[in-house]
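Novice: Below you'll find upload.cif; it's mmCIF, C-alpha atoms and all ligand atoms.
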```cif
data_data
#
loop_
_atom_site.label_atom_id
_atom_site.label_comp_id
_atom_site.auth_asym_id
_atom_site.auth_seq_id
_atom_site.Cartn_x
_atom_site.Cartn_y
_atom_site.Cartn_z
CA MET B 29 5.36 -102.68 18.36
CA LEU B 30 2.58 -100.33 19.43
CA GLN B 31 3.06 -96.75 18.23
CA ASN B 32 1.39 -93.49 19.15
CA ILE B 33 -0.92 -91.92 16.54
CA ARG B 34 0.83 -89.69 13.99
CA GLY B 35 0.91 -86.08 15.12
CA THR B 36 0.49 -86.90 18.81
CA SER B 37 3.25 -86.81 21.44
CA ASP B 38 4.12 -88.26 24.81
CA PHE B 39 5.53 -85.73 27.24
CA PHE B 40 8.18 -86.99 29.62
CA GLY B 41 11.45 -85.84 31.18
CA ASN B 42 12.47 -82.32 30.24
CA ASN B 43 9.44 -81.70 28.04
CA ALA B 44 7.02 -82.81 30.77
CA GLU B 45 8.75 -80.44 33.19
CA LYS B 46 8.47 -77.60 30.68
CA PHE B 47 4.79 -78.44 30.10
CA ASP B 48 4.03 -78.23 33.84
CA PHE B 49 6.10 -75.08 34.16
CA VAL B 50 4.12 -73.35 31.38
CA ILE B 51 0.74 -74.26 32.89
CA LYS B 52 1.80 -73.21 36.39
CA ASN B 53 3.32 -69.95 35.25
CA VAL B 54 0.40 -69.02 32.99
CA ALA B 55 -2.19 -69.97 35.65
CA GLN B 56 -0.41 -67.59 37.99
CA GLN B 57 -0.64 -64.81 35.40
CA ALA B 58 -4.34 -65.65 34.89
CA GLN B 59 -4.93 -65.17 38.60
CA LEU B 60 -2.92 -61.94 38.72
CA HIS B 61 -5.11 -60.58 35.90
CA CYS B 62 -8.31 -61.82 37.64
CA PHE B 63 -9.31 -64.48 35.10
CA GLU B 64 -11.46 -67.32 36.39
CA SER B 65 -10.76 -70.89 35.46
CA LEU B 66 -13.22 -72.49 33.02
CA GLN B 67 -12.90 -76.13 31.98
CA ILE B 68 -15.14 -77.35 29.18
CA PRO B 69 -15.62 -80.80 27.61
CA ILE B 70 -13.28 -82.14 24.97
CA ILE B 71 -16.27 -83.45 23.01
CA GLU B 72 -19.14 -81.24 21.79
CA TYR B 73 -21.92 -81.59 19.25
CA ALA B 74 -20.15 -80.88 15.96
CA GLU B 75 -22.53 -78.00 15.16
CA VAL B 76 -20.90 -75.96 17.98
CA PHE B 77 -17.87 -75.55 15.70
CA LEU B 78 -19.28 -75.69 12.17
CA HIS B 79 -20.89 -72.27 11.71
CA SER B 80 -18.79 -70.43 14.28
CA ILE B 81 -15.35 -71.26 12.93
CA GLY B 82 -16.81 -71.20 9.40
CA GLU B 83 -17.68 -73.96 6.93
CA SER B 84 -15.04 -72.78 4.47
CA SER B 85 -12.23 -72.55 7.04
CA ASP B 86 -9.49 -75.18 6.87
CA ILE B 87 -10.41 -76.40 10.35
CA VAL B 88 -14.03 -77.20 9.51
CA SER B 89 -13.58 -78.23 5.88
CA LYS B 90 -10.76 -80.71 6.42
CA GLU B 91 -9.37 -80.87 9.93
CA ILE B 92 -12.19 -81.61 12.32
CA TYR B 93 -12.25 -85.03 14.01
CA SER B 94 -15.92 -86.01 14.13
CA PHE B 95 -17.94 -89.20 14.45
CA LEU B 96 -21.46 -90.45 15.03
CA ASP B 97 -21.98 -91.68 18.57
CA LYS B 98 -24.16 -94.68 19.49
CA SER B 99 -27.32 -92.55 19.31
CA ASP B 100 -26.38 -91.17 15.89
CA LYS B 101 -25.41 -87.74 17.17
CA GLN B 102 -22.59 -86.01 15.31
CA ILE B 103 -19.84 -85.44 17.87
CA ALA B 104 -16.58 -83.52 17.38
CA LEU B 105 -13.30 -83.45 19.29
CA ARG B 106 -12.74 -79.77 20.02
CA PRO B 107 -10.39 -78.14 17.48
CA GLU B 108 -10.22 -74.94 19.60
CA PHE B 109 -11.65 -73.48 22.81
CA THR B 110 -13.47 -70.33 21.75
CA ALA B 111 -16.68 -71.77 20.25
CA GLY B 112 -16.97 -74.29 23.13
CA ILE B 113 -16.60 -71.49 25.66
CA VAL B 114 -19.36 -69.46 24.03
CA ARG B 115 -21.52 -72.60 24.10
CA ALA B 116 -20.74 -73.00 27.83
CA ILE B 117 -21.67 -69.36 28.54
CA LEU B 118 -25.00 -69.82 26.78
CA SER B 119 -25.84 -73.26 28.26
CA ASN B 120 -25.09 -72.10 31.81
CA ASN B 121 -26.55 -68.57 31.49
CA LEU B 122 -23.19 -67.16 32.56
CA TYR B 123 -24.00 -63.99 30.60
CA THR B 124 -26.39 -62.97 33.41
CA GLN B 125 -23.40 -62.47 35.73
CA THR B 126 -21.77 -59.07 36.18
CA LEU B 127 -19.63 -58.25 33.16
CA PRO B 128 -16.92 -58.63 32.08
CA LEU B 129 -16.62 -62.42 32.10
CA LYS B 130 -12.95 -63.37 32.06
CA PHE B 131 -12.01 -67.02 31.53
CA PHE B 132 -8.76 -68.97 31.45
CA SER B 133 -8.72 -72.52 30.08
CA HIS B 134 -6.09 -75.00 29.02
CA GLY B 135 -6.05 -78.50 27.62
CA PRO B 136 -5.79 -80.65 24.49
CA LEU B 137 -7.25 -79.81 21.06
CA PHE B 138 -7.47 -81.92 17.92
CA ARG B 139 -7.01 -81.04 14.25
CA TYR B 140 -6.39 -83.46 11.42
CA GLU B 141 -3.46 -81.48 10.05
CA ARG B 142 -0.46 -82.73 8.13
CA PRO B 143 2.01 -83.27 11.00
CA GLN B 144 5.22 -81.23 10.88
CA LYS B 145 7.32 -79.18 13.28
CA GLY B 146 4.93 -77.02 15.31
CA ARG B 147 1.84 -78.64 13.79
CA ARG B 148 0.32 -81.55 15.66
CA ARG B 149 -2.93 -83.49 15.45
CA GLN B 150 -3.27 -83.39 19.21
CA PHE B 151 -1.83 -80.19 20.62
CA HIS B 152 -2.42 -78.08 23.73
CA GLN B 153 -3.39 -74.48 24.25
CA ILE B 154 -3.60 -71.92 26.99
CA ASN B 155 -6.68 -69.86 26.19
CA PHE B 156 -8.04 -66.55 27.46
CA GLU B 157 -11.38 -64.88 26.66
CA ILE B 158 -13.09 -61.69 27.86
CA PHE B 159 -16.82 -61.14 27.22
CA HIS B 160 -18.01 -57.55 27.67
CA LYS B 161 -20.24 -54.75 26.42
CA ARG B 162 -17.76 -51.94 25.91
CA ASP B 163 -17.30 -50.26 22.57
CA ASP B 164 -13.67 -49.26 23.03
CA ASN B 165 -10.25 -50.89 23.09
CA LEU B 166 -9.98 -51.40 26.84
CA HIS B 167 -10.38 -55.18 26.94
CA LEU B 168 -8.39 -55.66 23.74
CA LEU B 169 -5.53 -53.78 25.39
CA GLU B 170 -5.96 -55.86 28.53
CA ILE B 171 -5.68 -59.04 26.45
CA LEU B 172 -2.63 -57.83 24.51
CA SER B 173 -0.92 -56.71 27.68
CA LEU B 174 -1.67 -60.07 29.32
CA ALA B 175 -0.26 -61.97 26.33
CA ASN B 176 2.83 -59.79 26.45
CA ASN B 177 3.26 -60.36 30.21
CA ILE B 178 2.86 -64.12 29.75
CA LEU B 179 5.62 -64.29 27.15
CA GLN B 180 7.92 -62.15 29.28
CA ASN B 181 7.31 -64.23 32.40
CA LEU B 182 8.10 -67.48 30.65
CA GLY B 183 11.62 -66.17 30.14
CA ILE B 184 11.60 -66.66 26.35
CA LYS B 185 14.80 -65.23 24.91
CA THR B 186 13.92 -65.54 21.20
CA ALA B 187 12.74 -62.37 19.48
CA ILE B 188 8.96 -62.27 19.24
CA GLN B 189 7.00 -59.79 17.15
CA LEU B 190 3.42 -58.70 17.77
CA GLN B 191 1.56 -58.26 14.47
CA ILE B 192 -1.82 -56.56 14.42
CA ASN B 193 -4.40 -55.86 11.74
CA CYS B 194 -7.93 -54.49 11.57
CA LEU B 195 -10.51 -56.54 9.65
CA GLY B 196 -13.30 -53.99 10.20
CA ASP B 197 -16.95 -54.87 10.78
CA SER B 198 -18.72 -57.50 8.70
CA ASN B 199 -20.09 -54.85 6.34
CA SER B 200 -16.74 -53.43 5.33
CA ARG B 201 -15.22 -56.91 5.19
CA GLU B 202 -17.91 -58.13 2.80
CA LYS B 203 -17.43 -55.14 0.51
CA PHE B 204 -13.68 -55.68 0.50
CA SER B 205 -14.09 -59.40 -0.03
CA THR B 206 -16.17 -58.83 -3.18
CA GLU B 207 -13.68 -56.29 -4.56
CA LEU B 208 -10.77 -58.62 -3.85
CA GLN B 209 -12.59 -61.51 -5.49
CA ASN B 210 -13.28 -59.43 -8.63
CA PHE B 211 -9.64 -58.37 -8.78
CA LEU B 212 -8.29 -61.91 -8.29
CA ASN B 213 -10.82 -63.52 -10.65
CA LYS B 214 -9.18 -61.62 -13.50
CA ARG B 215 -5.82 -63.11 -12.53
CA LYS B 216 -7.11 -66.50 -11.47
CA ASP B 217 -4.97 -68.60 -13.79
CA ASN B 218 -1.78 -67.23 -12.31
CA LEU B 219 -2.73 -67.90 -8.68
CA SER B 220 -1.36 -70.90 -6.76
CA PRO B 221 -3.64 -73.99 -6.83
CA GLU B 222 -4.52 -73.51 -3.15
CA SER B 223 -5.52 -69.87 -3.68
CA GLN B 224 -7.57 -70.83 -6.75
CA LEU B 225 -9.56 -73.15 -4.49
CA ARG B 226 -10.00 -70.41 -1.88
CA LEU B 227 -11.08 -67.79 -4.42
CA GLN B 228 -14.79 -68.63 -4.39
CA LYS B 229 -15.27 -69.68 -0.79
CA ASN B 230 -12.81 -67.63 1.27
CA PRO B 231 -10.92 -65.01 -0.80
CA LEU B 232 -9.67 -63.19 2.32
CA ARG B 233 -7.48 -66.16 3.26
CA ILE B 234 -5.54 -65.66 0.00
CA LEU B 235 -4.03 -62.58 1.67
CA ASP B 236 -1.86 -64.72 3.91
CA SER B 237 -0.80 -67.10 1.15
CA LYS B 238 2.89 -68.01 1.42
CA SER B 239 3.25 -68.37 -2.38
CA LYS B 240 5.59 -65.77 -3.94
CA ILE B 241 3.48 -65.44 -7.11
CA ASP B 242 0.31 -64.86 -5.05
CA GLN B 243 2.14 -62.22 -3.02
CA GLU B 244 3.22 -60.44 -6.21
CA ILE B 245 -0.31 -60.42 -7.59
CA LEU B 246 -1.59 -59.11 -4.24
CA GLN B 247 0.68 -56.08 -4.33
CA ASP B 248 -1.72 -54.26 -6.68
CA ALA B 249 -4.90 -55.68 -5.10
CA PRO B 250 -7.44 -53.51 -3.23
CA LYS B 251 -6.39 -52.88 0.39
CA LEU B 252 -8.56 -53.86 3.34
CA SER B 253 -7.57 -50.66 5.16
CA ASP B 254 -9.31 -48.56 2.45
CA PHE B 255 -12.63 -50.23 3.30
CA LEU B 256 -12.70 -49.59 7.05
CA SER B 257 -15.41 -47.34 8.49
CA ASP B 258 -14.32 -44.08 10.17
CA ASN B 259 -15.13 -45.59 13.57
CA CYS B 260 -12.95 -48.67 12.92
CA GLN B 261 -10.12 -46.52 11.57
CA LYS B 262 -10.21 -44.34 14.66
CA LYS B 263 -10.27 -47.29 17.05
CA PHE B 264 -7.34 -48.90 15.26
CA THR B 265 -5.31 -45.68 15.43
CA ASP B 266 -6.19 -45.28 19.14
CA LEU B 267 -5.11 -48.86 19.78
CA GLN B 268 -1.72 -48.20 18.22
CA ASN B 269 -1.21 -45.07 20.32
CA ASN B 270 -2.19 -46.93 23.46
CA LEU B 271 0.16 -49.82 22.71
CA ARG B 272 2.99 -47.29 22.35
CA ASN B 273 1.99 -45.73 25.67
CA LEU B 274 2.15 -49.16 27.31
CA GLY B 275 5.56 -49.81 25.78
CA ILE B 276 4.34 -52.82 23.77
CA ASP B 277 6.13 -53.08 20.40
CA PHE B 278 4.07 -54.09 17.36
CA VAL B 279 3.89 -53.90 13.58
CA VAL B 280 0.76 -53.48 11.45
CA GLN B 281 0.58 -56.50 9.17
CA ALA B 282 -2.00 -55.63 6.48
CA ASN B 283 -2.26 -59.24 5.26
CA LEU B 284 -2.99 -60.80 8.64
CA VAL B 285 -6.48 -62.31 8.34
CA ARG B 286 -6.52 -65.44 10.58
CA GLY B 287 -8.05 -68.77 9.67
CA LEU B 288 -11.26 -68.62 11.70
CA ASP B 289 -14.36 -66.79 10.45
CA TYR B 290 -15.67 -65.33 13.70
CA TYR B 291 -13.21 -62.44 14.02
CA SER B 292 -14.18 -58.82 13.59
CA ASP B 293 -12.21 -55.62 14.16
CA VAL B 294 -8.69 -56.22 15.40
CA VAL B 295 -6.78 -59.50 15.06
CA PHE B 296 -3.24 -60.24 16.19
CA GLU B 297 -0.47 -62.80 16.31
CA PHE B 298 2.75 -63.05 18.31
CA VAL B 299 5.22 -64.59 15.86
CA THR B 300 8.86 -65.66 15.81
CA ASP B 301 11.31 -66.63 13.09
CA SER B 302 12.75 -69.49 15.08
CA LEU B 303 9.88 -72.01 14.75
CA GLY B 304 10.03 -72.53 10.98
CA ALA B 305 6.88 -72.25 8.88
CA GLN B 306 4.53 -72.47 11.88
CA ASN B 307 5.55 -69.13 13.31
CA ALA B 308 2.58 -68.08 15.51
CA ILE B 309 2.97 -68.66 19.23
CA LEU B 310 -0.09 -66.83 20.53
CA ALA B 311 -2.93 -65.61 18.33
CA GLY B 312 -6.39 -64.16 18.63
CA GLY B 313 -8.53 -61.09 18.23
CA CYS B 314 -11.95 -59.54 18.74
CA TYR B 315 -15.08 -61.46 17.88
CA ASN B 316 -18.05 -59.24 18.54
CA ASN B 317 -20.75 -61.21 16.72
CA LEU B 318 -20.15 -64.81 17.77
CA VAL B 319 -22.24 -64.78 20.96
CA SER B 320 -25.16 -63.22 19.11
CA GLN B 321 -24.78 -65.69 16.22
CA MET B 322 -24.57 -68.78 18.45
CA SER B 323 -27.49 -67.66 20.64
CA GLU B 324 -29.58 -66.87 17.52
CA GLY B 325 -29.77 -63.22 18.51
CA LYS B 326 -30.93 -63.83 22.09
CA THR B 327 -27.71 -62.61 23.74
CA ASP B 328 -25.30 -60.00 22.54
CA LEU B 329 -21.81 -59.72 23.99
CA SER B 330 -18.60 -58.42 22.48
CA ALA B 331 -15.56 -60.56 23.06
CA VAL B 332 -11.81 -60.70 22.68
CA GLY B 333 -9.33 -63.47 23.38
CA PHE B 334 -6.30 -65.44 22.32
CA ALA B 335 -4.79 -68.89 22.52
CA GLY B 336 -1.18 -69.98 22.72
CA GLY B 337 0.22 -73.29 21.54
CA ILE B 338 1.93 -75.00 24.47
CA GLU B 339 4.10 -77.22 22.22
CA ARG B 340 5.37 -74.12 20.39
CA ILE B 341 6.05 -72.31 23.68
CA ILE B 342 7.92 -75.36 24.99
CA ASP B 343 10.16 -75.26 21.91
CA LEU B 344 11.16 -71.72 22.86
CA ILE B 345 11.81 -72.01 26.56
CA ASP B 346 15.06 -72.92 28.09
CA LEU B 347 14.01 -74.20 31.50
CA GLN B 348 16.28 -72.66 34.06
CA ASP B 349 17.54 -74.90 36.83
CA LYS B 350 15.59 -73.06 39.48
CA PHE B 351 12.34 -74.29 37.92
CA SER B 352 13.49 -77.82 37.37
CA LEU B 353 12.11 -80.52 39.66
CA LYS B 354 15.51 -82.20 39.42
CA LYS B 355 16.93 -79.35 41.47
CA HIS B 356 13.97 -79.43 43.79
CA LYS B 357 14.22 -83.09 44.72
CA LYS B 358 15.30 -82.66 48.29
CA LEU B 359 15.11 -85.59 50.50
CA ALA B 360 15.27 -89.36 50.28
CA ILE B 361 14.48 -91.52 53.29
CA LEU B 362 16.49 -94.73 53.40
CA PRO B 363 14.96 -97.30 55.77
CA VAL B 364 17.55 -99.98 56.52
CA GLY B 365 15.45 -103.13 56.96
CA ASP B 366 11.95 -104.13 55.86
CA ASN B 367 10.43 -103.62 59.32
CA LEU B 368 11.21 -99.89 59.10
CA GLN B 369 9.26 -99.11 55.94
CA ILE B 370 6.03 -98.02 57.66
CA MET B 371 7.98 -95.86 60.04
CA ALA B 372 9.75 -94.29 57.00
CA MET B 373 6.38 -93.60 55.42
CA GLN B 374 5.12 -91.84 58.55
CA LEU B 375 8.30 -89.80 58.64
CA SER B 376 8.01 -88.86 54.95
CA ASN B 377 4.48 -87.52 55.48
CA GLN B 378 5.64 -85.38 58.41
CA ILE B 379 8.41 -83.95 56.25
CA ARG B 380 6.05 -83.25 53.34
CA ASN B 381 3.94 -81.25 55.80
CA ILE B 382 6.81 -78.77 56.05
CA ASN B 383 6.85 -78.58 52.22
CA LEU B 384 9.96 -80.60 51.41
CA ASN B 385 9.84 -83.00 48.46
CA THR B 386 10.42 -86.43 49.91
CA GLU B 387 10.66 -89.98 48.60
CA ILE B 388 11.45 -93.34 50.20
CA ILE B 389 14.12 -95.45 48.53
CA ILE B 390 14.03 -99.21 49.03
CA GLU B 391 16.92 -101.36 47.73
CA LYS B 392 18.80 -104.52 48.75
CA ASN B 393 21.21 -102.67 51.05
CA LEU B 394 22.22 -99.19 52.22
CA LYS B 395 25.02 -98.89 49.64
CA LYS B 396 22.52 -99.41 46.82
CA GLN B 397 20.05 -97.01 48.45
CA LEU B 398 22.71 -94.29 48.55
CA GLN B 399 23.70 -94.90 44.92
CA THR B 400 20.08 -94.58 43.82
CA ALA B 401 19.64 -91.37 45.83
CA VAL B 402 22.65 -89.82 44.08
CA LYS B 403 21.49 -90.95 40.63
CA ARG B 404 18.02 -89.53 41.25
CA ASN B 405 19.49 -86.13 42.20
CA PHE B 406 18.47 -85.96 45.87
CA SER B 407 20.33 -83.36 47.86
CA HIS B 408 19.96 -85.06 51.28
CA VAL B 409 19.14 -88.48 52.68
CA ILE B 410 17.79 -89.53 56.05
CA ILE B 411 19.07 -92.93 57.09
CA VAL B 412 16.78 -94.80 59.45
CA GLY B 413 18.20 -98.03 60.94
CA GLN B 414 17.19 -100.10 63.95
CA ASP B 415 20.20 -98.92 65.99
CA GLU B 416 19.37 -95.29 65.36
CA LEU B 417 15.72 -95.93 66.14
CA ASP B 418 16.64 -97.49 69.49
CA LYS B 419 18.65 -94.36 70.32
CA ASN B 420 15.76 -92.18 69.11
CA ILE B 421 17.94 -90.52 66.43
CA VAL B 422 18.23 -90.49 62.62
CA ILE B 423 21.23 -89.79 60.40
CA VAL B 424 20.97 -86.90 57.92
CA ARG B 425 23.59 -86.83 55.16
CA ASP B 426 24.21 -83.96 52.73
CA LEU B 427 24.98 -85.78 49.47
CA GLN B 428 26.88 -82.85 47.96
CA SER B 429 29.27 -82.17 50.86
CA GLY B 430 29.17 -85.67 52.37
CA GLN B 431 28.62 -84.11 55.77
CA GLN B 432 26.64 -86.31 58.14
CA ASN B 433 24.74 -85.42 61.35
CA GLU B 434 23.01 -87.47 64.00
CA ILE B 435 19.78 -85.68 64.78
CA LEU B 436 17.37 -86.34 67.61
CA ARG B 437 14.06 -87.56 66.21
CA ASP B 438 12.18 -84.74 68.03
CA SER B 439 14.31 -81.98 66.47
CA LEU B 440 14.40 -83.49 62.97
CA LEU B 441 11.70 -81.24 61.49
CA ASP B 442 13.43 -78.12 62.85
CA PHE B 443 16.73 -79.31 61.40
CA MET B 444 15.17 -80.14 58.01
CA GLN B 445 13.49 -76.77 57.80
CA LYS B 446 16.91 -75.12 57.83
CA ILE B 447 18.42 -77.05 54.89
P1 LIG B 501 -5.43 -70.56 16.28
O1 LIG B 501 -4.62 -69.54 15.54
O2 LIG B 501 -6.11 -71.58 15.47
O3 LIG B 501 -6.49 -69.74 17.13
O4 LIG B 501 -4.52 -71.28 17.35
C1 LIG B 501 -3.83 -70.54 18.35
C2 LIG B 501 -2.43 -71.11 18.56
O5 LIG B 501 -2.52 -72.52 18.84
C3 LIG B 501 -1.50 -71.03 17.36
O6 LIG B 501 -0.88 -69.75 17.29
C4 LIG B 501 -0.50 -72.12 17.68
O7 LIG B 501 0.46 -71.66 18.62
C5 LIG B 501 -1.37 -73.18 18.32
N1 LIG B 501 -1.77 -74.22 17.35
C6 LIG B 501 -2.81 -74.17 16.48
N2 LIG B 501 -2.87 -75.30 15.75
C7 LIG B 501 -1.85 -76.08 16.16
C8 LIG B 501 -1.36 -77.39 15.79
N3 LIG B 501 -1.96 -78.13 14.87
N4 LIG B 501 -0.27 -77.88 16.42
C9 LIG B 501 0.37 -77.14 17.38
N5 LIG B 501 -0.04 -75.91 17.77
C10 LIG B 501 -1.14 -75.38 17.17
C11 LIG B 501 -7.43 -70.32 17.93
O8 LIG B 501 -7.44 -71.49 18.24
C12 LIG B 501 -8.43 -69.33 18.49
N6 LIG B 501 -9.47 -70.08 19.20
C13 LIG B 501 -7.72 -68.33 19.39
C14 LIG B 501 -8.66 -67.36 20.04
C15 LIG B 501 -9.09 -67.39 21.32
N7 LIG B 501 -9.24 -66.33 19.43
C16 LIG B 501 -10.04 -65.70 20.31
N8 LIG B 501 -9.96 -66.36 21.43
#
```
Translate the structure described by the file into structure tokens.
Ligand code: HAM

Specialist:
Amino acid sequence: MLQNIRGTSDFFGNNAEKFDFVIKNVAQQAQLHCFESLQIPIIEYAEVFLHSIGESSDIVSKEIYSFLDKSDKQIALRPEFTAGIVRAILSNNLYTQTLPLKFFSHGPLFRYERPQKGRRRQFHQINFEIFHKRDDNLHLLEILSLANNILQNLGIKTAIQLQINCLGDSNSREKFSTELQNFLNKRKDNLSPESQLRLQKNPLRILDSKSKIDQEILQDAPKLSDFLSDNCQKKFTDLQNNLRNLGIDFVVQANLVRGLDYYSDVVFEFVTDSLGAQNAILAGGCYNNLVSQMSEGKTDLSAVGFAGGIERIIDLIDLQDKFSLKKHKKLAILPVGDNLQIMAMQLSNQIRNINLNTEIIIEKNLKKQLQTAVKRNFSHVIIVGQDELDKNIVIVRDLQSGQQNEILRDSLLDFMQKI
């Protein structure tokens, strides 16, 4: 029996409906916030991701799907959008357009992770980025407010917490990193095996270790907040005041560091307790050096963005009936006799032109056609038989009430518009 690859999923039925609902709803929010759509390739040269996300990050060191193509080029399946989007901005000179650049993307991503609830090898994201030149919190606030609006509009009932932290500029982060490394080196033998591995290459990631012993050791460790420059401190305090003014609840989470190297300044995650260990729904932050780094200093743009995991969002939404296609299936046309099928098809196109969902049902006889229409949740059927055709009428039946009307062919569209 053929199986799907571990960590990948087929979406059908309820989950497929939820998937479509999320994309539609989020695309609407993107438009309301004036984000343009940007679709980029699923495959890129692997180097697009290697330095940007960071060689020592989990994604690059063990999760990237990459292969040599037939001309010996190292190709990678995208593990995230951000680096690919920066590549697209540089390859297409989009940075010459009037700033800010605001992009919305969505689609599949690939990471060779150990599959578990909320962690897939192929998963899907909605992704937002703003590229700009401002040195204040305006676009960060715009992004946080957008993320907040998105979650509210999806009708998620579960409690969600916004966690924020400030990583500072690369200077302060490097100083802190060295201090943290010195502190942890002295306690190395007591650290968890995973943190011992991270100690040399990426000590900051130890901060979000889930191990209890690591957390205890970290209680006395130097604090990142003590290393922030005055400017960063001020911006972080301003951000918190502004979030309060906008009525967006948050907590400062001093150990939030994120698993991708390109972040600077403020990072954030929207988390919930109800998804198990993989608790982040939307996550992102500022990355003010990535454009400069990827363009080798030729272009300099600040940036801020976030991505949300569609599978994790789907697990949290309870699709209300009003959004469900099942409740929107309106009309089935039942041609009684093979010679009437083309006529039924013409009729169905006319009815679709007035925006009613319509399908033709073909079965052995009318009884079967009606049974199928009920099973497939249609609210009304139009019965088209030769007798009716000769009289220039059709029969419209309401499947809930059983009420049936003979309608003149010429007034059918008017009648249908009222149901
Ligand atoms: P990320 O934290 O790696 O950030 O992923 C963002 C979200 O994608 C996560 O919070 C989660 O909901 C979902 N996600 C990640 N990995 C998986 C997985 N294996 N299975 C299911 N869902 C997953 C980024 O990708 C950054 N590019 C976000 C960003 C955009 N930062 C700035 N702009």

Novice: Ranking B:Arg142, B:Arg286, B:Arg380, B:Arg226 by minimum distance to Cys314 of chain B and counting all atoms listed in the file, which one comes first?

Specialist: B:Arg286

Novice: For ligand LIG 501 (chain B), list the contacting residues at 6 Å or closer, counting only C-alpha atoms and all ligand atoms, as a PyMOL selection string.

Specialist: chain B and resi 108-110+139+146-149+151+153+155+157+308-313+332-337+340

Novice: In terms of the shortest atom-to-atom distance over only C-alpha atoms, which of B:Gln378, B:Asp293, B:His79, B:Ile192 is closest to Gln445 of chain B?

Specialist: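 Residue with the minimum atom-to-atom distance to Gln445 of chain B: B:Gln378.
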
Novice: Please identify all polymer residues lying at most 10 Å from the point (10.1, -86.2, 60.2) (file coordinates), using only C-alpha atoms, and present the result as a PyMOL selection string.

Specialist: chain B and resi 361+371-382+410+422+437-444

Novice: Quote the spacing between atom CA of Val54 of chain B and atom CA of Leu127 of chain B in Å to one decimal place.

Specialist: 22.7 Å

Novice: Can you tell me, as JSON, numbers by chain, what residues are no more than 12 Å from Gly430 of chain B when counting all atoms listed in the file, ignoring any on the same chain fewer than 6 positions away?

Specialist: {"B": [398, 402, 407, 408, 409, 424]}

Novice: Residues near Leu436 of chain B, anyone? I mean within 10 Å using all atoms listed in the file, not counting same-chain ones fewer than 6 positions away, as an MDAnalysis selection string.

Specialist: chainID B and resid 416:417 419:423 443

Novice: Give me the residues near Ser173 of chain B as a list in words, where near means some atom within 9 Å (using only C-alpha atoms) and where sequence neighbours in that chain fewer than 5 positions away do not count.

Specialist: Leu168, Ile178, Leu271, Leu274 and Ile276 of chain B

Novice: In file coordinates, which residues lie within 8 Å of (11.0, -65.6, 29.9) using only C-alpha atoms, given as number ranges by chain?

Specialist: B: 179-185, 345

Novice: Those same residues, written as an mmCIF file, in the coordinates of the input with C-alpha atoms?

Specialist:
```
data_model
loop_
_atom_site.group_PDB
_atom_site.id
_atom_site.type_symbol
_atom_site.label_atom_id
_atom_site.label_comp_id
_atom_site.auth_asym_id
_atom_site.auth_seq_id
_atom_site.Cartn_x
_atom_site.Cartn_y
_atom_site.Cartn_z
ATOM 1 C CA LEU B 179 5.620 -64.290 27.150
ATOM 2 C CA GLN B 180 7.920 -62.150 29.280
ATOM 3 C CA ASN B 181 7.310 -64.230 32.400
ATOM 4 C CA LEU B 182 8.100 -67.480 30.650
ATOM 5 C CA GLY B 183 11.620 -66.170 30.140
ATOM 6 C CA ILE B 184 11.600 -66.660 26.350
ATOM 7 C CA LYS B 185 14.800 -65.230 24.910
ATOM 8 C CA ILE B 345 11.810 -72.010 26.560
#
```

Novice: Would you save segment 204-212 of chain B from the block above with N, CA and C atoms, as a PDB file, in the first residue's frame?

Specialist:
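Final output, selection_14.pdb:
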```pdb
ATOM      1  N   PHE B 204      27.074  39.813  25.204  1.00  0.00           N
ATOM      2  CA  PHE B 204      26.283  38.969  26.107  1.00  0.00           C
ATOM      3  C   PHE B 204      26.581  37.496  25.858  1.00  0.00           C
ATOM      4  N   SER B 205      26.671  37.145  24.570  1.00  0.00           N
ATOM      5  CA  SER B 205      26.923  35.757  24.204  1.00  0.00           C
ATOM      6  C   SER B 205      28.230  35.254  24.835  1.00  0.00           C
ATOM      7  N   THR B 206      29.266  36.083  24.773  1.00  0.00           N
ATOM      8  CA  THR B 206      30.563  35.691  25.351  1.00  0.00           C
ATOM      9  C   THR B 206      30.444  35.524  26.861  1.00  0.00           C
ATOM     10  N   GLU B 207      29.776  36.474  27.518  1.00  0.00           N
ATOM     11  CA  GLU B 207      29.607  36.379  28.980  1.00  0.00           C
ATOM     12  C   GLU B 207      28.832  35.118  29.362  1.00  0.00           C
ATOM     13  N   LEU B 208      27.769  34.858  28.592  1.00  0.00           N
ATOM     14  CA  LEU B 208      26.930  33.691  28.887  1.00  0.00           C
ATOM     15  C   LEU B 208      27.740  32.403  28.709  1.00  0.00           C
ATOM     16  N   GLN B 209      28.535  32.396  27.636  1.00  0.00           N
ATOM     17  CA  GLN B 209      29.369  31.223  27.355  1.00  0.00           C
ATOM     18  C   GLN B 209      30.364  30.982  28.507  1.00  0.00           C
ATOM     19  N   ASN B 210      31.009  32.069  28.969  1.00  0.00           N
ATOM     20  CA  ASN B 210      31.966  31.936  30.083  1.00  0.00           C
ATOM     21  C   ASN B 210      31.276  31.374  31.322  1.00  0.00           C
ATOM     22  N   PHE B 211      30.080  31.917  31.593  1.00  0.00           N
ATOM     23  CA  PHE B 211      29.324  31.482  32.776  1.00  0.00           C
ATOM     24  C   PHE B 211      28.959  29.999  32.654  1.00  0.00           C
ATOM     25  N   LEU B 212      28.455  29.612  31.463  1.00  0.00           N
ATOM     26  CA  LEU B 212      27.971  28.229  31.302  1.00  0.00           C
ATOM     27  C   LEU B 212      29.128  27.229  31.180  1.00  0.00           C
TER      28      LEU B 212
END
```
